[in-house]
>>> print(open('input_18.txt').read())   # compact mmCIF, C-alpha atoms
# COMPACT_ATOMS: atom_id res chain seq x y z
CA MET H 989 32.05 11.59 -3.48
CA LYS H 990 34.30 8.77 -2.30
CA PHE H 991 32.68 5.31 -2.12
CA ALA H 992 33.90 2.00 -0.73
CA ILE H 993 32.18 -1.16 -1.93
CA GLN H 994 31.99 -4.49 -0.09
CA VAL H 995 30.99 -7.70 -1.90
CA ASN H 996 30.15 -10.68 0.31
CA GLU H 997 28.95 -13.23 -2.25
CA GLY H 998 30.45 -15.13 -5.16
CA PRO H 999 29.36 -14.77 -8.78
CA TYR H 1000 26.40 -16.69 -10.27
CA GLN H 1001 24.99 -18.02 -6.97
CA HIS H 1002 23.71 -14.66 -5.72
CA GLU H 1003 22.96 -11.34 -7.37
CA ALA H 1004 25.24 -9.39 -5.01
CA SER H 1005 28.24 -9.25 -7.34
CA ASP H 1006 26.06 -8.14 -10.28
CA SER H 1007 24.41 -5.41 -8.21
CA ALA H 1008 27.77 -4.26 -6.82
CA TYR H 1009 29.23 -4.12 -10.32
CA GLN H 1010 26.30 -2.11 -11.72
CA PHE H 1011 26.43 0.27 -8.75
CA THR H 1012 30.21 0.74 -9.08
CA LYS H 1013 29.93 1.33 -12.83
CA ALA H 1014 27.12 3.87 -12.37
CA ALA H 1015 29.06 5.69 -9.64
CA LEU H 1016 32.14 5.94 -11.87
CA GLU H 1017 30.02 7.19 -14.77
CA LYS H 1018 28.67 9.91 -12.53
CA GLY H 1019 32.21 11.01 -11.70
CA HIS H 1020 32.40 9.59 -8.17
CA GLU H 1021 35.54 7.99 -6.83
CA ILE H 1022 35.60 4.31 -5.85
CA PHE H 1023 38.25 4.12 -3.14
CA ARG H 1024 38.25 0.32 -3.06
CA VAL H 1025 36.13 -2.74 -3.76
CA PHE H 1026 36.63 -5.29 -1.00
CA PHE H 1027 35.69 -8.92 -1.62
CA TYR H 1028 34.90 -10.79 1.58
CA HIS H 1029 33.56 -14.25 2.49
CA ASP H 1030 32.38 -16.07 -0.69
CA GLY H 1031 32.91 -12.76 -2.50
CA VAL H 1032 36.55 -13.79 -2.97
CA ASN H 1033 35.32 -16.17 -5.71
CA ASN H 1034 34.89 -13.09 -7.92
CA GLY H 1035 38.69 -12.98 -8.13
CA THR H 1036 39.64 -16.22 -9.92
CA ARG H 1037 40.74 -15.93 -13.55
CA LEU H 1038 39.99 -19.66 -14.13
CA THR H 1039 36.23 -19.17 -14.54
CA THR H 1040 34.91 -19.95 -18.01
CA PRO H 1041 31.20 -19.15 -18.22
CA PRO H 1042 29.33 -19.95 -21.47
CA GLN H 1043 30.04 -17.42 -24.22
CA ASP H 1044 26.49 -16.06 -24.21
CA ASP H 1045 26.57 -15.47 -20.44
CA ARG H 1046 28.08 -12.48 -18.68
CA ASN H 1047 31.62 -13.03 -17.44
CA VAL H 1048 31.41 -11.64 -13.93
CA VAL H 1049 35.12 -11.99 -13.13
CA GLN H 1050 36.33 -10.52 -16.42
CA ARG H 1051 33.85 -7.67 -16.10
CA TRP H 1052 35.45 -6.63 -12.77
CA SER H 1053 38.95 -6.94 -14.27
CA GLU H 1054 37.99 -4.74 -17.22
CA LEU H 1055 36.39 -2.11 -14.99
CA ALA H 1056 39.53 -2.11 -12.83
CA GLU H 1057 41.72 -1.60 -15.87
CA GLN H 1058 39.58 1.22 -17.27
CA HIS H 1059 39.31 3.14 -14.01
CA GLY H 1060 42.33 2.02 -11.99
CA LEU H 1061 40.09 0.35 -9.42
CA ASP H 1062 41.60 -1.25 -6.34
CA LEU H 1063 40.01 -4.73 -6.13
CA VAL H 1064 41.04 -6.36 -2.86
CA VAL H 1065 40.36 -9.97 -1.90
CA CYS H 1066 40.37 -10.87 1.81
CA VAL H 1067 43.36 -13.15 2.44
CA ALA H 1068 41.80 -15.41 5.09
CA ALA H 1069 38.63 -15.90 3.04
CA ALA H 1070 40.78 -16.51 -0.06
CA GLN H 1071 42.94 -19.15 1.60
CA ARG H 1072 39.87 -21.10 2.65
CA ARG H 1073 38.47 -21.02 -0.87
CA GLY H 1074 41.61 -21.54 -2.94
CA ILE H 1075 42.05 -18.05 -4.36
CA VAL H 1076 45.82 -17.70 -4.72
CA ASP H 1077 48.25 -15.10 -6.03
CA GLU H 1078 51.99 -15.48 -6.65
CA GLY H 1079 52.94 -14.56 -3.07
CA GLU H 1080 50.36 -16.86 -1.46
CA MET H 1081 51.38 -19.66 -3.82
CA GLN H 1082 54.97 -19.51 -2.60
CA ARG H 1083 54.12 -18.90 1.03
CA ASN H 1084 51.76 -21.88 1.24
CA GLY H 1085 53.70 -24.18 -1.11
CA LYS H 1086 50.95 -24.40 -3.74
CA ASP H 1087 51.57 -25.52 -7.34
CA ALA H 1088 49.58 -22.75 -9.03
CA ASN H 1089 47.90 -19.40 -8.65
CA ASN H 1090 44.59 -18.17 -10.05
CA ILE H 1091 44.12 -14.50 -9.13
CA ALA H 1092 42.39 -12.52 -11.89
CA PRO H 1093 43.96 -9.38 -13.42
CA GLY H 1094 43.28 -6.24 -11.41
CA PHE H 1095 42.70 -8.14 -8.13
CA ARG H 1096 45.10 -8.33 -5.21
CA ILE H 1097 45.04 -10.32 -1.98
CA SER H 1098 45.34 -8.43 1.30
CA GLY H 1099 44.00 -8.28 4.83
CA LEU H 1100 40.85 -7.11 6.56
CA GLY H 1101 42.62 -3.88 7.49
CA GLN H 1102 42.04 -2.83 3.89
CA LEU H 1103 38.28 -2.95 4.48
CA ILE H 1104 38.59 -0.87 7.66
CA GLU H 1105 40.80 1.64 5.88
CA ALA H 1106 38.34 1.85 2.97
CA ALA H 1107 35.45 2.46 5.39
CA VAL H 1108 37.42 5.18 7.20
CA GLN H 1109 38.75 6.90 4.09
CA SER H 1110 35.48 6.82 2.13
CA GLU H 1111 32.37 8.89 2.72
CA ARG H 1112 30.07 5.91 2.10
CA LEU H 1113 30.49 2.15 2.49
CA VAL H 1114 27.94 0.25 0.41
CA VAL H 1115 27.60 -3.47 1.20
CA PHE H 1116 26.28 -6.08 -1.23
CA GLY H 1117 25.55 -9.56 0.07
CA ASP H 1118 23.00 -12.34 0.36
CA MET O 897 21.34 11.43 10.71
CA SER O 898 19.58 10.17 7.60
CA ILE O 899 20.07 6.58 6.47
CA LEU O 900 19.35 4.84 3.18
CA HIS O 901 18.20 1.34 4.17
CA THR O 902 18.66 -1.20 1.38
CA VAL O 903 16.60 -4.42 1.33
CA ASN O 904 17.53 -7.07 -1.25
CA LYS O 905 15.53 -10.09 -0.10
CA SER O 906 11.92 -11.02 -0.74
CA PRO O 907 9.70 -10.55 2.34
CA PHE O 908 8.31 -14.03 1.51
CA GLU O 909 11.77 -15.52 2.03
CA LYS O 910 13.48 -13.53 4.78
CA MET O 911 12.63 -11.15 7.58
CA SER O 912 15.01 -8.40 6.47
CA LEU O 913 12.24 -6.00 5.39
CA ASP O 914 10.52 -6.39 8.79
CA SER O 915 13.81 -5.80 10.61
CA CYS O 916 14.43 -2.77 8.42
CA ILE O 917 10.94 -1.32 8.96
CA ASP O 918 11.39 -1.61 12.74
CA HIS O 919 14.45 0.64 12.53
CA VAL O 920 13.47 3.21 9.92
CA LYS O 921 12.96 6.75 11.12
CA GLY O 922 11.29 9.64 9.35
CA GLU O 923 14.19 11.33 7.62
CA SER O 924 15.57 8.03 6.31
CA ALA O 925 14.51 6.08 3.23
CA VAL O 926 14.17 2.49 2.05
CA LEU O 927 15.45 1.17 -1.26
CA LEU O 928 14.13 -2.19 -2.48
CA TYR O 929 16.38 -4.01 -4.95
CA GLU O 930 17.06 -7.56 -6.17
CA ASP O 931 14.30 -9.82 -4.70
CA GLY O 932 13.44 -7.00 -2.27
CA VAL O 933 11.21 -5.50 -4.98
CA TYR O 934 8.63 -8.26 -4.38
CA ALA O 935 7.64 -6.33 -1.24
CA ALA O 936 5.93 -3.78 -3.49
CA LEU O 937 3.49 -6.34 -4.97
CA LYS O 938 -0.01 -5.04 -4.35
CA GLY O 939 -2.41 -7.10 -2.25
CA THR O 940 0.23 -8.74 -0.08
CA GLY O 941 0.88 -8.31 3.63
CA ALA O 942 4.32 -6.95 2.83
CA ALA O 943 2.84 -4.22 0.64
CA GLU O 944 0.46 -3.26 3.44
CA LYS O 945 3.38 -2.86 5.82
CA LEU O 946 5.26 -0.92 3.20
CA ALA O 947 2.28 1.36 2.64
CA SER O 948 2.17 2.20 6.34
CA VAL O 949 5.91 2.98 6.29
CA MET O 950 5.34 5.24 3.30
CA GLU O 951 3.15 7.52 5.38
CA THR O 952 6.32 8.84 7.00
CA THR O 953 9.21 7.47 4.95
CA LYS O 954 10.21 7.61 1.30
CA VAL O 955 10.42 4.21 -0.41
CA TYR O 956 12.29 3.55 -3.67
CA MET O 957 12.75 0.47 -5.84
CA LEU O 958 15.37 -0.37 -8.45
CA GLY O 959 13.79 -0.34 -11.92
CA PRO O 960 16.12 -2.87 -13.61
CA ASP O 961 15.39 -5.42 -10.86
CA VAL O 962 11.62 -4.84 -11.17
CA LYS O 963 11.87 -5.33 -14.93
CA ALA O 964 14.08 -8.44 -14.61
CA ARG O 965 11.31 -10.05 -12.52
CA GLY O 966 8.56 -9.12 -14.95
CA LEU O 967 6.58 -7.12 -12.41
CA ALA O 968 4.12 -4.91 -14.28
CA ALA O 969 3.64 -1.35 -13.01
CA ASP O 970 -0.10 -1.89 -12.37
CA LYS O 971 0.70 -4.78 -10.00
CA LEU O 972 2.91 -2.57 -7.82
CA LEU O 973 2.14 -0.29 -4.93
CA GLU O 974 1.62 3.31 -5.99
CA GLY O 975 3.98 5.88 -4.55
CA VAL O 976 7.10 3.73 -4.60
CA GLU O 977 9.53 5.74 -6.70
CA VAL O 978 11.45 3.84 -9.37
CA VAL O 979 15.17 4.60 -9.74
CA ASP O 980 17.91 3.18 -11.98
CA TYR O 981 21.49 2.40 -10.87
CA ALA O 982 22.47 6.05 -11.33
CA GLY O 983 19.54 6.93 -9.05
CA PHE O 984 20.77 4.33 -6.53
CA VAL O 985 24.15 6.11 -6.53
CA ASP O 986 22.43 9.49 -6.07
CA LEU O 987 20.48 8.15 -3.07
CA ALA O 988 23.64 6.66 -1.53
CA ALA O 989 25.27 10.07 -1.81
CA GLU O 990 22.20 12.00 -0.63
CA TYR O 991 21.71 10.10 2.65
CA ASP O 992 24.38 10.22 5.37
CA LYS O 993 24.85 6.46 5.49
CA VAL O 994 23.86 3.35 3.57
CA LEU O 995 22.69 0.42 5.71
CA ALA O 996 22.35 -2.92 3.94
CA TRP O 997 19.88 -5.36 5.52
CA VAL O 998 21.68 -8.36 4.03
>>> encode(input="input_18.txt", output="structure tokens")
Amino acid sequence: MKFAIQVNEGPYQHEASDSAYQFTKAALEKGHEIFRVFFYHDGVNNGTRLTTPPQDDRNVVQRWSELAEQHGLDLVVCVAAAQRRGIVDEGEMQRNGKDANNIAPGFRISGLGQLIEAAVQSERLVVFGD
Amino acid sequence: MSILHTVNKSPFEKMSLDSCIDHVKGESAVLLYEDGVYAALKGTGAAEKLASVMETTKVYMLGPDVKARGLAADKLLEGVEVVDYAGFVDLAAEYDKVLAWV
């Protein structure tokens, strides 16, 4: 079955990203397809490669990047939510005249249309939030 | 149309379980996860409400989240079926839609 996942909260503050990750991983292990994971609102904070949690703690951002690499996941960060929170890729850096970018491997920045498309194309949309 | 209603907040913190219960119909089910599992603690008002819902509706809870909160099986409402993440995925596939009461 084709699933779309929506994550509305950042890492470490709420459990939403952890739950979404465990659900996504379990779905992939069962042979389901994850059409897209869409990070919205504070969820965009899952997409910065600059996080450095303590070594004995889980690395939420890296965990998503690794899962994306293993399974070719499409991790999409909402552009408007990202701009507000300082999540920047190469294109956004140039467009907004910023001096750096911080998008994590496997993530890309795009618009809300990507969430709508994911909901339309998938058989289930599962939302994780606060 | 059958719906899997997911509740992830404690009934002692938010009203999401109440809102959910008001909308659940017979062929649908409720999955408690994250702090939502506290609703299954025996002897609370929330558990009483849950028990009345269970007369017509199937209620599940996520085992890893129950364990993470140290809730012993004998403290929890009987009849709430425990599932793991793979079981969560199965439920999401089994019901026509997943509705998150976030």
>>> residues_around(input="input_18.txt", residues="Arg1096 of chain H", least_positions_apart="5", cutoff="8 Å", atoms="all atoms listed in the file", output="mmCIF file with C-alpha atoms, in the frame of the given file")
data_model
loop_
_atom_site.group_PDB
_atom_site.id
_atom_site.type_symbol
_atom_site.label_atom_id
_atom_site.label_comp_id
_atom_site.auth_asym_id
_atom_site.auth_seq_id
_atom_site.Cartn_x
_atom_site.Cartn_y
_atom_site.Cartn_z
ATOM 1 C CA ASP H 1062 41.600 -1.250 -6.340
ATOM 2 C CA LEU H 1063 40.010 -4.730 -6.130
ATOM 3 C CA VAL H 1064 41.040 -6.360 -2.860
ATOM 4 C CA VAL H 1065 40.360 -9.970 -1.900
ATOM 5 C CA ASP H 1077 48.250 -15.100 -6.030
ATOM 6 C CA ILE H 1091 44.120 -14.500 -9.130
#
>>> interface_residues(input="input_18.txt", of="chain O", to="chain H", cutoff="10 Å", atoms="only C-alpha atoms", output="ChimeraX atom specification")
/O:902,904-905,929-931,961,980-986,988-989,991-998
>>> atom_distance(input="input_18.txt", atom1="atom CA of Pro907 of chain O", atom2="atom CA of Phe1027 of chain H")
26.3 Å
>>> atom_distance(input="input_18.txt", atom1="atom CA of Glu1054 of chain H", atom2="atom CA of Asp1030 of chain H")
20.8 Å
>>> atom_distance(input="input_18.txt", atom1="atom CA of Tyr1028 of chain H", atom2="atom CA of Gln994 of chain H")
7.1 Å
>>> closest_residue(input="input_18.txt", among="H:Ile1022, H:Gly1085, H:Asp1044, H:Leu1038", to="Leu1061 of chain H", atoms="only C-alpha atoms")
H:Ile1022
>>> closest_residue(input="input_18.txt", among="H:Pro1042, H:Pro999, H:Gly1094, H:Gly1074", to="Ala1056 of chain H", atoms="all atoms listed in the file")
H:Gly1094
>>> closest_residue(input="input_18.txt", among="O:Met897, O:Ala935, O:Val979, O:Ala968", to="Leu913 of chain O", atoms="all atoms listed in the file")
O:Ala935
>>> residues_around(input="input_18.txt", residues="segment 918-927 of chain O", least_positions_apart="4", cutoff="8 Å", atoms="only C-alpha atoms", output="short mmCIF file (atom, residue, chain, number, x, y, z; two decimals) with C-alpha atoms, in the coordinates of the input")
data_model
loop_
_atom_site.label_atom_id
_atom_site.label_comp_id
_atom_site.auth_asym_id
_atom_site.auth_seq_id
_atom_site.Cartn_x
_atom_site.Cartn_y
_atom_site.Cartn_z
CA MET O 897 21.34 11.43 10.71
CA SER O 898 19.58 10.17 7.60
CA ILE O 899 20.07 6.58 6.47
CA LEU O 900 19.35 4.84 3.18
CA HIS O 901 18.20 1.34 4.17
CA THR O 902 18.66 -1.20 1.38
CA VAL O 903 16.60 -4.42 1.33
CA ASP O 914 10.52 -6.39 8.79
CA THR O 952 6.32 8.84 7.00
CA THR O 953 9.21 7.47 4.95
CA LYS O 954 10.21 7.61 1.30
CA VAL O 955 10.42 4.21 -0.41
CA TYR O 956 12.29 3.55 -3.67
CA MET O 957 12.75 0.47 -5.84
CA LEU O 958 15.37 -0.37 -8.45
CA TYR O 991 21.71 10.10 2.65
#
>>> decode(input="input_18.txt", residues="segment 966-978 of chain O", atoms="C-alpha atoms", output="mmCIF file, in the first residue's frame")
data_model
loop_
_atom_site.group_PDB
_atom_site.id
_atom_site.type_symbol
_atom_site.label_atom_id
_atom_site.label_comp_id
_atom_site.auth_asym_id
_atom_site.auth_seq_id
_atom_site.Cartn_x
_atom_site.Cartn_y
_atom_site.Cartn_z
ATOM 1 C CA GLY O 966 6.362 2.129 32.666
ATOM 2 C CA LEU O 967 2.677 1.256 32.703
ATOM 3 C CA ALA O 968 2.298 -2.288 34.033
ATOM 4 C CA ALA O 969 -0.249 -4.543 32.315
ATOM 5 C CA ASP O 970 -2.251 -5.042 35.550
ATOM 6 C CA LYS O 971 -2.787 -1.269 35.824
ATOM 7 C CA LEU O 972 -4.379 -1.085 32.371
ATOM 8 C CA LEU O 973 -7.910 -1.589 31.183
ATOM 9 C CA GLU O 974 -8.581 -5.131 30.012
ATOM 10 C CA GLY O 975 -9.637 -5.564 26.417
ATOM 11 C CA VAL O 976 -7.414 -2.868 24.938
ATOM 12 C CA GLU O 977 -5.339 -4.735 22.377
ATOM 13 C CA VAL O 978 -1.603 -4.022 22.361
#
